[in-house]
Structures are given as structure tokens and as C-alpha cells.
file upload-v6.txt (compact mmCIF, C-alpha atoms)
# COMPACT_ATOMS: atom_id res chain seq x y z
CA MET K 1 32.51 63.29 -80.66
CA ARG K 2 32.72 59.59 -80.05
CA ALA K 3 34.52 60.17 -76.70
CA ARG K 4 31.76 62.56 -75.53
CA SER K 5 29.07 60.08 -76.52
CA ALA K 6 30.81 57.32 -74.57
CA VAL K 7 31.10 59.51 -71.46
CA ARG K 8 27.42 60.46 -71.67
CA LEU K 9 26.41 56.80 -72.04
CA PHE K 10 28.51 55.87 -68.99
CA GLN K 11 26.97 58.68 -66.93
CA ARG K 12 23.44 57.61 -67.89
CA THR K 13 24.19 53.96 -67.04
CA LEU K 14 25.65 54.92 -63.64
CA LEU K 15 22.65 57.15 -62.85
CA LEU K 16 20.23 54.37 -63.79
CA ALA K 17 22.05 51.90 -61.53
CA VAL K 18 21.95 54.32 -58.57
CA LEU K 19 18.24 55.02 -59.07
CA SER K 20 17.52 51.27 -59.27
CA SER K 21 19.39 50.65 -55.99
CA ILE K 22 17.46 53.39 -54.21
CA ALA K 23 14.14 51.99 -55.49
CA ALA K 24 15.04 48.49 -54.31
CA LEU K 25 15.87 49.79 -50.82
CA LEU K 26 12.62 51.72 -50.62
CA PHE K 27 10.45 48.75 -51.63
CA SER K 28 12.24 46.21 -49.42
CA ALA K 29 12.02 48.29 -46.19
CA PRO K 30 8.29 47.57 -45.50
CA ALA K 31 8.85 43.86 -46.04
CA LEU K 32 11.74 43.83 -43.55
CA ALA K 33 9.58 45.67 -41.00
CA GLN K 34 6.77 43.06 -41.09
CA GLU K 35 6.24 40.56 -38.17
CA PRO K 36 7.75 37.10 -38.68
CA THR K 37 5.43 34.45 -39.99
CA PRO K 38 3.78 32.63 -37.04
CA THR K 39 4.70 29.00 -36.47
CA PRO K 40 1.87 26.71 -37.57
CA PRO K 41 0.01 24.90 -34.73
CA ALA K 42 1.35 21.53 -33.64
CA ALA K 43 -0.27 18.50 -35.14
CA PRO K 44 -2.23 16.10 -32.92
CA GLY K 45 -0.03 13.82 -30.87
CA THR K 46 2.69 16.44 -30.20
CA SER K 47 3.46 18.04 -26.87
CA ALA K 48 1.31 21.12 -27.56
CA GLU K 49 -1.68 21.25 -25.19
CA GLN K 50 -5.09 20.64 -26.72
CA ALA K 51 -8.37 22.00 -25.38
CA PRO K 52 -10.52 19.18 -23.94
CA PRO K 53 -13.80 18.44 -25.73
CA ALA K 54 -17.05 19.85 -24.37
CA ASP K 55 -18.26 16.40 -23.25
CA ALA K 56 -14.87 15.43 -21.78
CA VAL K 57 -14.63 12.42 -19.45
CA SER K 58 -11.53 11.86 -17.31
CA VAL K 59 -9.51 8.70 -17.91
CA ALA K 60 -6.74 8.07 -15.41
CA GLY K 61 -4.16 5.52 -14.36
CA SER K 62 -0.81 5.03 -12.68
CA LEU K 63 2.33 3.66 -14.30
CA ASN K 64 3.79 1.20 -11.80
CA ASN K 65 6.62 -1.12 -12.79
CA GLY K 66 6.97 -3.52 -9.86
CA GLY K 67 6.88 -0.73 -7.28
CA GLU K 68 8.81 1.81 -9.38
CA ARG K 69 6.58 4.76 -10.29
CA LEU K 70 7.36 5.84 -13.85
CA VAL K 71 7.50 9.63 -14.24
CA GLY K 72 7.83 11.44 -17.57
CA VAL K 73 6.43 8.58 -19.67
CA ASP K 74 3.92 9.39 -22.43
CA VAL K 75 0.49 7.71 -22.64
CA ALA K 76 -1.48 8.06 -25.87
CA ALA K 77 -5.13 7.42 -26.75
CA LEU K 78 -6.07 6.15 -30.21
CA ASP K 79 -9.56 6.19 -31.69
CA ALA K 80 -11.22 3.37 -33.64
CA SER K 81 -9.33 4.32 -36.83
CA GLY K 82 -5.97 4.13 -35.07
CA ALA K 83 -5.39 7.89 -35.10
CA GLU K 84 -3.90 9.45 -32.00
CA VAL K 85 -6.44 11.81 -30.41
CA ALA K 86 -4.73 12.71 -27.13
CA ARG K 87 -1.45 12.31 -25.31
CA THR K 88 -0.22 13.11 -21.82
CA THR K 89 2.87 12.59 -19.67
CA SER K 90 2.92 10.83 -16.32
CA GLU K 91 3.62 13.00 -13.31
CA THR K 92 4.56 12.44 -9.67
CA GLY K 93 3.66 8.95 -8.50
CA GLY K 94 3.34 7.77 -12.10
CA ARG K 95 -0.17 9.25 -12.34
CA TRP K 96 -1.61 10.41 -15.65
CA THR K 97 -4.97 11.77 -16.80
CA LEU K 98 -6.57 12.28 -20.21
CA GLU K 99 -9.77 14.15 -21.09
CA LEU K 100 -11.69 12.32 -23.84
CA SER K 101 -15.16 12.25 -25.34
CA PRO K 102 -17.18 9.09 -24.52
CA GLY K 103 -16.33 6.23 -26.86
CA THR K 104 -14.02 3.28 -27.41
CA TYR K 105 -10.28 3.97 -27.32
CA THR K 106 -7.03 2.08 -27.37
CA PHE K 107 -4.49 3.27 -24.80
CA GLN K 108 -0.79 2.67 -25.22
CA VAL K 109 2.44 3.62 -23.50
CA VAL K 110 4.82 5.32 -25.94
CA GLN K 111 7.80 2.96 -26.05
CA GLU K 112 10.33 5.69 -26.85
CA THR K 113 9.61 7.46 -23.56
CA LEU K 114 10.10 4.39 -21.34
CA PRO K 115 13.31 4.12 -19.27
CA ASP K 116 15.94 1.67 -20.44
CA GLY K 117 15.19 -1.93 -19.55
CA VAL K 118 11.44 -1.35 -18.99
CA SER K 119 8.87 -2.92 -21.30
CA VAL K 120 5.08 -2.83 -21.36
CA GLN K 121 2.77 -5.71 -22.25
CA GLY K 122 0.83 -4.38 -25.23
CA GLU K 123 -2.13 -2.01 -25.41
CA VAL K 124 -5.34 -1.63 -23.41
CA GLN K 125 -8.76 -1.06 -24.98
CA ARG K 126 -11.46 0.65 -22.90
CA ASP K 127 -14.99 1.95 -23.37
CA VAL K 128 -14.94 5.46 -21.92
CA GLU K 129 -18.31 6.33 -20.41
CA ALA K 130 -19.57 9.28 -18.39
CA GLY K 131 -20.55 8.69 -14.79
CA ARG K 132 -18.22 5.81 -14.05
CA SER K 133 -14.63 5.25 -13.02
CA ASN K 134 -12.54 5.07 -16.21
CA THR K 135 -9.25 3.57 -15.09
CA VAL K 136 -6.59 2.08 -17.36
CA ILE K 137 -3.97 -0.29 -15.94
CA PHE K 138 -0.87 -1.27 -17.91
CA SER K 139 1.14 -4.41 -17.18
CA PHE K 140 4.91 -4.05 -17.29
CA GLY K 141 7.57 -6.69 -17.76
CA GLU K 142 7.53 -9.85 -19.81
CA ALA K 143 4.15 -11.48 -20.38
CA ARG K 144 3.65 -14.61 -18.36
CA THR K 145 2.41 -17.76 -19.95
CA ALA K 146 -0.77 -19.14 -18.45
CA THR K 147 -0.54 -22.31 -16.42
CA SER K 148 -3.42 -24.49 -15.32
CA VAL K 149 -3.99 -24.64 -11.56
CA PRO K 150 -5.54 -27.82 -10.13
CA VAL K 151 -9.05 -27.49 -8.70
CA TRP K 152 -7.95 -28.43 -5.18
CA GLU K 153 -5.26 -25.74 -5.28
CA GLN K 154 -7.80 -23.17 -6.47
CA PHE K 155 -10.04 -24.22 -3.59
CA LEU K 156 -7.23 -23.75 -1.04
CA ARG K 157 -6.33 -20.32 -2.37
CA THR K 158 -9.97 -19.28 -2.45
CA THR K 159 -10.36 -20.51 1.14
CA VAL K 160 -7.48 -18.30 2.26
CA ASP K 161 -9.06 -15.34 0.43
CA GLY K 162 -12.42 -16.13 2.02
CA PHE K 163 -10.90 -16.31 5.50
CA ARG K 164 -9.16 -12.98 4.93
CA PHE K 165 -12.35 -11.37 3.60
CA GLY K 166 -14.41 -12.78 6.45
CA LEU K 167 -12.01 -11.36 9.04
CA VAL K 168 -12.24 -7.90 7.47
CA ILE K 169 -16.06 -8.09 7.47
CA ALA K 170 -15.98 -9.24 11.11
CA LEU K 171 -13.71 -6.37 12.10
CA ALA K 172 -16.16 -3.85 10.67
CA ALA K 173 -19.27 -5.72 11.92
CA VAL K 174 -18.33 -6.29 15.57
CA GLY K 175 -19.18 -2.68 16.41
CA LEU K 176 -22.51 -2.98 14.59
CA SER K 177 -23.35 -6.10 16.61
CA LEU K 178 -22.33 -4.54 19.93
CA ILE K 179 -24.40 -1.42 19.21
CA PHE K 180 -27.43 -3.61 18.53
CA GLY K 181 -26.78 -5.64 21.67
CA THR K 182 -26.52 -2.65 24.01
CA THR K 183 -29.13 -0.31 22.48
CA GLY K 184 -31.34 -2.48 20.26
CA LEU K 185 -30.62 -0.15 17.31
CA THR K 186 -30.14 -1.60 13.84
CA ASN K 187 -27.77 1.06 12.54
CA PHE K 188 -27.93 1.33 8.77
CA ALA K 189 -25.42 4.20 8.90
CA HIS K 190 -22.65 1.87 10.10
CA GLY K 191 -21.48 1.34 6.51
CA GLU K 192 -20.78 5.06 6.22
CA LEU K 193 -18.56 4.83 9.33
CA VAL K 194 -16.51 2.29 7.35
CA THR K 195 -16.26 4.67 4.39
CA LEU K 196 -15.41 7.67 6.56
CA GLY K 197 -12.55 5.73 8.17
CA ALA K 198 -11.10 4.82 4.77
CA VAL K 199 -11.54 8.38 3.47
CA ALA K 200 -9.84 9.80 6.58
CA ALA K 201 -6.87 7.46 6.08
CA TRP K 202 -6.71 8.50 2.40
CA VAL K 203 -6.68 12.19 3.32
CA PHE K 204 -3.88 11.70 5.86
CA ASN K 205 -1.94 9.45 3.46
CA VAL K 206 -2.33 11.18 0.08
CA THR K 207 -3.25 14.78 0.84
CA MET K 208 -1.03 15.27 3.91
CA GLY K 209 1.74 12.87 2.85
CA ILE K 210 1.65 10.71 6.01
CA GLN K 211 2.71 7.09 5.59
CA LEU K 212 -0.27 4.73 5.54
CA ILE K 213 0.36 2.96 8.88
CA PRO K 214 0.36 6.15 11.03
CA ALA K 215 -2.40 7.51 8.75
CA THR K 216 -4.51 4.47 9.64
CA ILE K 217 -3.94 5.07 13.35
CA LEU K 218 -5.09 8.66 12.90
CA ALA K 219 -8.11 7.41 10.94
CA ILE K 220 -9.03 5.10 13.85
CA ILE K 221 -8.94 8.12 16.18
CA VAL K 222 -11.20 9.97 13.74
CA GLY K 223 -13.54 6.93 13.70
CA VAL K 224 -13.71 6.96 17.50
CA ALA K 225 -14.55 10.68 17.43
CA ILE K 226 -17.25 10.16 14.79
CA GLY K 227 -18.77 7.32 16.84
CA TRP K 228 -18.84 9.50 19.95
CA LEU K 229 -20.35 12.41 18.00
CA ASN K 230 -22.99 10.12 16.48
CA ASN K 231 -24.15 8.99 19.88
CA ALA K 232 -23.95 12.39 21.58
CA ALA K 233 -25.69 14.38 18.85
CA ILE K 234 -28.31 11.91 17.59
CA TRP K 235 -28.88 8.68 19.46
CA LYS K 236 -28.54 9.78 23.08
CA PRO K 237 -31.18 12.54 22.69
CA LEU K 238 -33.48 10.07 20.92
CA ARG K 239 -33.08 7.56 23.76
CA LYS K 240 -33.82 10.25 26.34
CA ARG K 241 -37.04 11.05 24.49
CA ARG K 242 -37.84 7.31 24.47
CA THR K 243 -38.05 7.24 20.68
CA GLY K 244 -39.07 3.80 19.41
CA LEU K 245 -36.58 1.48 17.73
CA ILE K 246 -38.48 1.58 14.43
CA ALA K 247 -38.24 5.37 14.37
CA GLN K 248 -34.54 5.19 15.21
CA LEU K 249 -34.03 2.69 12.38
CA VAL K 250 -35.64 5.15 9.95
CA VAL K 251 -33.38 7.91 11.27
CA SER K 252 -30.33 5.69 10.70
CA ILE K 253 -31.39 5.09 7.09
CA GLY K 254 -31.74 8.84 6.48
CA LEU K 255 -28.39 9.47 8.17
CA ALA K 256 -26.74 6.81 5.99
CA ILE K 257 -28.05 8.42 2.78
CA ALA K 258 -27.01 11.91 3.89
CA LEU K 259 -23.48 10.82 4.87
CA ARG K 260 -23.04 8.77 1.69
CA TYR K 261 -23.77 11.70 -0.59
CA LEU K 262 -21.80 14.16 1.51
CA ILE K 263 -18.83 11.85 1.01
CA LEU K 264 -19.57 11.84 -2.73
CA ILE K 265 -19.64 15.66 -2.81
CA PHE K 266 -16.47 16.29 -0.82
CA PHE K 267 -14.41 13.22 -1.78
CA SER K 268 -14.75 11.91 -5.34
CA ASP K 269 -17.00 9.78 -7.47
CA ARG K 270 -13.93 7.80 -8.59
CA ALA K 271 -11.90 5.18 -6.79
CA GLU K 272 -8.85 6.95 -5.37
CA PRO K 273 -5.71 4.92 -4.55
CA PHE K 274 -3.64 5.08 -1.40
CA ALA K 275 -0.10 6.33 -1.92
CA ASP K 276 1.46 3.22 -0.33
CA TYR K 277 1.38 -0.56 -0.88
CA GLN K 278 0.02 -0.39 -4.43
CA ALA K 279 2.35 -2.82 -6.21
CA GLN K 280 2.20 -6.23 -4.55
CA THR K 281 3.61 -9.57 -5.66
CA GLN K 282 2.23 -12.87 -4.44
CA ASN K 283 4.25 -15.04 -2.09
CA GLU K 284 3.83 -18.70 -3.02
CA TRP K 285 4.24 -21.35 -0.35
CA GLY K 286 3.32 -24.59 -2.04
CA PRO K 287 -0.36 -24.44 -2.99
CA PHE K 288 -0.88 -21.18 -1.06
CA ALA K 289 -0.39 -17.78 -2.66
CA ILE K 290 -0.93 -14.48 -0.85
CA THR K 291 0.43 -10.94 -1.02
CA ASN K 292 2.14 -9.23 1.88
CA VAL K 293 -0.75 -6.76 2.21
CA ASN K 294 -3.36 -9.53 2.46
CA LEU K 295 -1.20 -11.42 4.95
CA ALA K 296 -0.87 -8.26 7.04
CA CYS K 297 -4.66 -7.74 6.87
CA ILE K 298 -5.22 -11.27 8.23
CA ILE K 299 -2.73 -10.80 11.07
CA ILE K 300 -4.06 -7.35 12.05
CA SER K 301 -7.68 -8.56 11.97
CA ILE K 302 -6.92 -11.60 14.16
CA VAL K 303 -4.94 -9.54 16.68
CA VAL K 304 -7.66 -6.87 16.96
CA LEU K 305 -10.53 -9.40 17.20
CA VAL K 306 -8.70 -11.42 19.85
CA GLY K 307 -8.09 -8.17 21.73
CA VAL K 308 -11.81 -7.34 21.61
CA ALA K 309 -12.66 -10.84 22.85
CA LEU K 310 -10.21 -10.54 25.76
CA MET K 311 -11.63 -7.13 26.61
CA LEU K 312 -15.17 -8.55 26.74
CA GLN K 313 -14.08 -11.43 28.98
CA ARG K 314 -11.43 -9.95 31.26
CA THR K 315 -11.98 -6.20 31.66
CA ARG K 316 -14.50 -4.35 33.78
CA ILE K 317 -15.92 -2.40 30.85
CA GLY K 318 -16.23 -5.61 28.84
CA LYS K 319 -18.24 -7.30 31.58
CA ALA K 320 -20.41 -4.20 31.85
CA MET K 321 -21.03 -4.30 28.09
CA ARG K 322 -22.13 -7.94 28.29
CA ALA K 323 -24.38 -7.14 31.25
CA VAL K 324 -26.07 -4.26 29.40
CA ALA K 325 -26.49 -6.45 26.33
CA ASP K 326 -28.12 -9.23 28.38
CA ASN K 327 -30.50 -7.04 30.43
CA ARG K 328 -30.29 -3.27 30.32
CA ASP K 329 -32.63 -2.62 33.27
CA LEU K 330 -30.97 -5.20 35.50
CA ALA K 331 -27.54 -3.77 34.66
CA ALA K 332 -28.73 -0.26 35.58
CA SER K 333 -30.18 -1.49 38.89
CA SER K 334 -26.85 -3.18 39.65
CA GLY K 335 -25.05 0.18 39.60
CA ILE K 336 -23.70 0.09 36.03
CA ASN K 337 -23.70 3.46 34.25
CA VAL K 338 -25.55 2.30 31.14
CA GLU K 339 -25.09 5.56 29.20
CA ARG K 340 -21.32 5.47 29.79
CA VAL K 341 -21.22 1.88 28.53
CA VAL K 342 -23.26 2.80 25.44
CA THR K 343 -20.95 5.75 24.72
CA PHE K 344 -17.92 3.43 24.95
CA VAL K 345 -19.59 0.96 22.59
CA TRP K 346 -20.21 3.71 20.02
CA CYS K 347 -16.59 4.86 20.23
CA LEU K 348 -15.33 1.28 19.92
CA GLY K 349 -17.65 0.60 16.98
CA GLY K 350 -16.48 3.75 15.17
CA GLY K 351 -12.80 2.89 15.63
CA LEU K 352 -13.23 -0.72 14.48
CA ALA K 353 -15.30 0.41 11.48
CA ALA K 354 -12.55 2.87 10.46
CA LEU K 355 -9.88 0.16 10.66
CA GLY K 356 -12.13 -2.25 8.77
CA GLY K 357 -12.60 0.35 6.02
CA VAL K 358 -8.85 0.76 5.51
CA LEU K 359 -8.25 -3.00 5.43
CA PHE K 360 -11.22 -3.51 3.09
CA GLY K 361 -9.81 -0.94 0.67
CA LEU K 362 -6.33 -2.48 0.79
CA SER K 363 -7.30 -6.15 0.49
CA GLU K 364 -10.49 -6.16 -1.56
CA LEU K 365 -10.39 -2.94 -3.63
CA ALA K 366 -6.75 -3.12 -4.76
CA GLY K 367 -5.60 -0.35 -2.42
CA ARG K 368 -8.33 2.11 -3.36
CA VAL K 369 -11.08 4.06 -1.60
CA GLN K 370 -14.60 4.36 -3.03
CA TRP K 371 -17.35 6.67 -1.89
CA GLU K 372 -19.87 3.82 -1.49
CA MET K 373 -17.56 1.05 -0.28
CA GLY K 374 -19.22 0.92 3.15
CA PHE K 375 -22.66 0.58 1.60
CA LYS K 376 -21.44 -2.40 -0.42
CA LEU K 377 -20.08 -3.99 2.75
CA LEU K 378 -23.13 -3.21 4.90
CA LEU K 379 -25.37 -6.03 3.69
CA LEU K 380 -22.54 -8.54 4.10
CA MET K 381 -22.05 -7.29 7.67
CA PHE K 382 -25.77 -7.78 8.33
CA ALA K 383 -25.58 -11.24 6.80
CA GLY K 384 -22.64 -12.15 9.04
CA ILE K 385 -24.07 -10.90 12.33
CA THR K 386 -27.49 -12.39 11.52
CA LEU K 387 -25.90 -15.74 10.75
CA GLY K 388 -23.82 -15.67 13.93
CA GLY K 389 -26.50 -14.19 16.20
CA LEU K 390 -27.61 -10.59 16.55
CA GLY K 391 -26.09 -8.71 19.45
CA THR K 392 -23.23 -11.13 20.16
CA ALA K 393 -19.62 -10.24 19.34
CA TYR K 394 -18.58 -13.88 19.02
CA GLY K 395 -21.54 -14.58 16.77
CA ALA K 396 -20.54 -11.66 14.54
CA PHE K 397 -17.01 -13.06 14.25
CA LEU K 398 -18.20 -16.58 13.38
CA GLY K 399 -20.95 -15.50 11.01
CA CYS K 400 -18.79 -13.03 9.11
CA VAL K 401 -16.01 -15.58 8.57
CA ILE K 402 -18.58 -18.05 7.19
CA VAL K 403 -20.03 -15.38 4.91
CA GLY K 404 -16.56 -14.42 3.68
CA LEU K 405 -15.77 -18.05 2.86
CA LEU K 406 -19.09 -18.54 1.03
CA VAL K 407 -18.59 -15.34 -0.96
CA GLN K 408 -15.12 -16.37 -2.14
CA TRP K 409 -16.07 -20.03 -2.76
CA SER K 410 -18.89 -18.86 -5.01
CA THR K 411 -16.30 -17.44 -7.44
CA LEU K 412 -15.38 -21.02 -8.37
CA VAL K 413 -18.77 -21.50 -10.01
CA ILE K 414 -20.10 -18.01 -10.82
CA ASN K 415 -18.73 -14.76 -12.22
CA PRO K 416 -16.61 -12.98 -9.55
CA ASP K 417 -18.60 -9.79 -10.19
CA LEU K 418 -21.64 -11.57 -8.72
CA LYS K 419 -19.93 -13.04 -5.66
CA TYR K 420 -21.71 -10.82 -3.12
CA ILE K 421 -25.00 -12.48 -4.09
CA GLY K 422 -23.97 -15.59 -2.13
CA GLY K 423 -23.74 -13.61 1.12
CA LEU K 424 -27.17 -12.09 0.60
CA LEU K 425 -28.69 -15.52 -0.09
CA VAL K 426 -27.24 -16.66 3.24
CA LEU K 427 -29.02 -13.73 4.94
CA ILE K 428 -32.36 -14.75 3.40
CA LEU K 429 -31.97 -18.44 4.30
CA ILE K 430 -30.95 -17.73 7.90
CA LEU K 431 -33.90 -15.41 8.42
CA ILE K 432 -36.21 -18.20 7.21
CA VAL K 433 -34.61 -21.21 8.92
CA ARG K 434 -32.99 -19.86 12.11
CA PRO K 435 -33.63 -16.11 12.58
CA GLN K 436 -31.79 -16.00 15.93
CA GLY K 437 -28.54 -17.15 14.27
CA ILE K 438 -25.98 -19.76 15.25
CA LEU K 439 -25.09 -18.37 18.69
CA GLY K 440 -28.27 -16.40 19.31
CA SER K 441 -31.19 -17.47 21.47
CA ARG K 442 -34.87 -17.38 20.63
CA GLN K 443 -35.59 -15.22 23.68
CA ARG K 444 -33.46 -12.40 22.29
CA ILE K 445 -35.40 -12.29 19.03
CA GLY K 446 -39.04 -11.50 19.09
call {"tool": "encode", "arguments": {"input": "upload-v6.txt", "output": "C-alpha cells"}}
result
Amino acid sequence: MRARSAVRLFQRTLLLAVLSSIAALLFSAPALAQEPTPTPPAAPGTSAEQAPPADAVSVAGSLNNGGERLVGVDVAALDASGAEVARTTSETGGRWTLELSPGTYTFQVVQETLPDGVSVQGEVQRDVEAGRSNTVIFSFGEARTATSVPVWEQFLRTTVDGFRFGLVIALAAVGLSLIFGTTGLTNFAHGELVTLGAVAAWVFNVTMGIQLIPATILAIIVGVAIGWLNNAAIWKPLRKRRTGLIAQLVVSIGLAIALRYLILIFFSDRAEPFADYQAQTQNEWGPFAITNVNLACIIISIVVLVGVALMLQRTRIGKAMRAVADNRDLAASSGINVERVVTFVWCLGGGLAALGGVLFGLSELAGRVQWEMGFKLLLLMFAGITLGGLGTAYGAFLGCVIVGLLVQWSTLVINPDLKYIGGLLVLILILIVRPQGILGSRQRIG
């Protein structure tokens, strides 16, 4: 009896164990068939992409370590509490962009992502605002200790900068002066020819990948074509209809506004850098200090202006231009094709304006192109040619150099952001004291 009871107990225990195993398999099968638990979203500051805010404003920059463009380096933005709100990685050319809501942010380069041997000088704080260029520039390398520069040395360096700036203004203004001398037109759209030349060079250089020097040559050709088209499509028909100079001046103002905002629509509302000659170090020769780009701008400006002067004095077309500027009717009666001379002047003015725009962007705007750069330069060009004498190429050269020097000298006593005011004050004083300018004659004005 006891043996049978033991066998029955063993059979019941075995049956219970089998039933339990089957039940466990049945209940665990649905759980095994479920989808894996999704990975939680990345916290702010990781590499996961974040949707930009609705009121996003672009903040951009370029990581440039002494000419070496840093690619694959992280840039982070911190809010007022020190929390990281956005991060991005630099791409080709060291360029990076962040989309942030308007406000005050601290931007920093993430040290762990920098190449070996490269260091950055601290953080940069910026107020991000809509409707303006929000650019952040980091300084790489060891921080330099400030040293006091004697006043006379500051004056010498400022004089060199003023001479360079004056030559660039003269290069862009010679065409404006020649156009006034041969046609009597005060062309307020000449500033947009300067901008179009710089934009054309930027397109060839950045968009098409052409090195800046050949891109500038192509931009000069584009400037010549724009000058020819200006004259053929607008000013030549107006002259044939004997439209008054006041009416033509109003047309030039409307043309300037139209071109300026077309450039804004198709180019950018931000300052866009050239691909070449961004990182420049100063060469110091005693008290003088100048970058290679600024030195090249001085040399190119002098060579081109001397070439224009020789053309006016030695060539047949130059003598014809001076004859038309002195007396249009007498030049026509002497057998000079006045319309051909005027067309050449417009082409020459467009080419010089294009070259002046490229040099202005390189030397004065830190290698960048702005949609209203020509408009900013226009009043200084007027100040220079008015000071030197309206309608005379030599007067434009002299007056613009003087204006450039005065503009740069003014930075010794006033805020550099207000330096263009000095050139405009010169324009007002000259119009009051000597409206014909230094090399102009009273008979030409009036």
C-alpha cells in the first residue's frame, strides 16, 4: 500500500510540473513577440538633430586657425543659465550654422573635438537678433598680451590705412567722375555697380569654385557688360529724347533702389565671405603694419589708376574723352563720335566699379560681400570727386585719397563705427566753401 501511494504521489508531482511548464511557455510567448522598447530621445547637447524654433534666427561663423579651416569641430550655444541649447559641427571650409531664438547666448568651441595642438581663446557672447547679420568669430592660438602703441606709430599706421582706403574709393569713383564729365549725369546707381562687381566675383569664387584672382577678372568683364547695358538700355535712349539732367538724376535714384533690392532678393541679407584670403597676418616693418591683402590692394589700385591716367594722356580714346568732357558740341563738330566715347566711358566705369567693389570687400569688409556695400561707399565717392573737382579723373583721384585719409584719421579721436561721418562733413564743407573742388573751375559748375 505504501509503495502504491508513493508511486501515485510521484505521478501527480510529475504531472503538475509538466502542466506548470506548459503554462509558463504559453504566457511568455506574447511577451517575446512584442516590439523592443524604443530608445529614449537624446538629451539636449547630443548629436541627435533638434527641430529649430519657430522664431529661429541663423547664427553662423567659420573656424579658421591661421589659414587652416577646421572641419568636424563642434560649436555649442549656451543660454543665460549656462545650459546648452544647441550644437552643430563645422563642415567644409570650417563653416557652421546654428538656428536659435532671439536672445543672448554664449558660444563656445567644444575642446574635445579640436585637433591636437589647436586651442581656442575662450568663449564669445552675442546678442542674437532678427534682421541683422549674426556672425560669431573665434580666436585660435595663445592669447596675446596687449602692448601700448605710441601715438605717432598709430598715426603712421592709420595714414597707411587711409591711403589704402582712399585708393579703393578713387578706383570706384573715377568712372563716376568720367560719366559726369562726358554726359553731365550724376549717377546715383554707380554704387550698385560696385556691389554687382563684388557679388559677381563672389559667385565665381564661392559658387563656381574659381580662385579669387581669375574670379575678379571675370567680375570686371561682367562690370563692363553691365556698364554697356546701362547705357544702351537706359541712358542712350534718354539722351536721344533730350531728357533733362534733373529727370535723368531721378531715374538714376530709382534705378539704384531697384538694383539694391534685387541684389538683396537674389544674393543674401548677410555678409558672405570670399573663399580665399580670409586669414591674414600683419607684416610689421618698423612702425608700419599691413597685411598682404591690403598691400596687394594698394599696389593694384596704383597700377590701375596710373594706367587710366596714361590712357587719358597718351591714347586717342583718352584724348577724345577729355575733349568731350571739355566741350561736347565742339568735340562733335571736330569729327569725334561722341556716342562711341560715351559708351566707352560707361564700359570703363562699370569695369573699374567692379574691381573697386572686390578690393573694398577684401580690404575694408574683412573679405566679405554685403548687399548694400556700394550704397555705403557712394557718398564717400561723391565726397571725393566733389573735393577734387567734378568731372575730372585727376580730381577724383586726389579728392578720394584725401577723403580716405580723413576717414581713417578720424578713428584716432572718435568711435571707428562713426568714421564715415568725417567724409560726409568734408562734402558739406566743400560745397559751401569751394563747390567746384580743388582741380575744378568755376565755369564748369553753374
call {"tool": "residues_around", "arguments": {"input": "upload-v6.txt", "residues": "segment 313-322 of chain K", "least_positions_apart": "4", "cutoff": "9 Å", "atoms": "only C-alpha atoms", "output": "list of chain:residue names"}}
result
K:Leu178, K:Gly181, K:Thr182, K:Val308, K:Ala309, K:Asp326, K:Asn327, K:Ala331, K:Ile336, K:Asn337, K:Val338, K:Val341, K:Val342, K:Phe344, K:Val345, K:Thr392
call {"tool": "residues_around", "arguments": {"input": "upload-v6.txt", "residues": "segment 83-92 of chain K", "least_positions_apart": "5", "cutoff": "7 Å", "atoms": "all atoms listed in the file", "output": "count of residues only"}}
result
11
call {"tool": "closest_residue", "arguments": {"input": "upload-v6.txt", "among": "K:Gly61, K:Gly384, K:Gly66, K:Pro52", "to": "Gly94 of chain K", "atoms": "all atoms listed in the file"}}
result
K:Gly61
call {"tool": "closest_residue", "arguments": {"input": "upload-v6.txt", "among": "K:Leu378, K:Leu156, K:Leu63, K:Val174", "to": "Val120 of chain K", "atoms": "only C-alpha atoms"}}
result
K:Leu63
call {"tool": "residues_around", "arguments": {"input": "upload-v6.txt", "residues": "segment 351-359 of chain K", "least_positions_apart": "5", "cutoff": "6 Å", "atoms": "all atoms listed in the file", "output": "count of residues only"}}
result
11
call {"tool": "closest_residue", "arguments": {"input": "upload-v6.txt", "among": "K:Ser252, K:Gln108, K:Ser363, K:Ser410", "to": "Val426 of chain K", "atoms": "all atoms listed in the file"}}
result
K:Ser410
call {"tool": "atom_distance", "arguments": {"input": "upload-v6.txt", "atom1": "atom CA of Ala271 of chain K", "atom2": "atom CA of Ser133 of chain K"}}
result
6.8 Å
call {"tool": "residues_around", "arguments": {"input": "upload-v6.txt", "residues": "Thr186 of chain K", "least_positions_apart": "4", "cutoff": "8 Å", "atoms": "all atoms listed in the file", "output": "list of chain:residue names"}}
result
K:Leu176, K:Ile179, K:Phe180, K:Leu249, K:Ser252
call {"tool": "atom_distance", "arguments": {"input": "upload-v6.txt", "atom1": "atom CA of Gly374 of chain K", "atom2": "atom CA of Phe188 of chain K"}}
result
10.4 Å
call {"tool": "closest_residue", "arguments": {"input": "upload-v6.txt", "among": "K:Ser62, K:Glu99, K:Gly361, K:Gly67", "to": "Lys376 of chain K", "atoms": "all atoms listed in the file"}}
result
K:Gly361
call {"tool": "residues_near_point", "arguments": {"input": "upload-v6.txt", "point": "(-5.1, 10.9, -15.1)", "cutoff": "6 Å", "atoms": "all atoms listed in the file", "output": "PyMOL selection string"}}
result
chain K and resi 59-61+95-98
call {"tool": "closest_residue", "arguments": {"input": "upload-v6.txt", "among": "K:Trp371, K:Tyr394, K:Phe274, K:Trp235", "to": "Thr183 of chain K", "atoms": "only C-alpha atoms"}}
result
K:Trp235
call {"tool": "atom_distance", "arguments": {"input": "upload-v6.txt", "atom1": "atom CA of Leu387 of chain K", "atom2": "atom CA of His190 of chain K"}}
result
17.9 Å
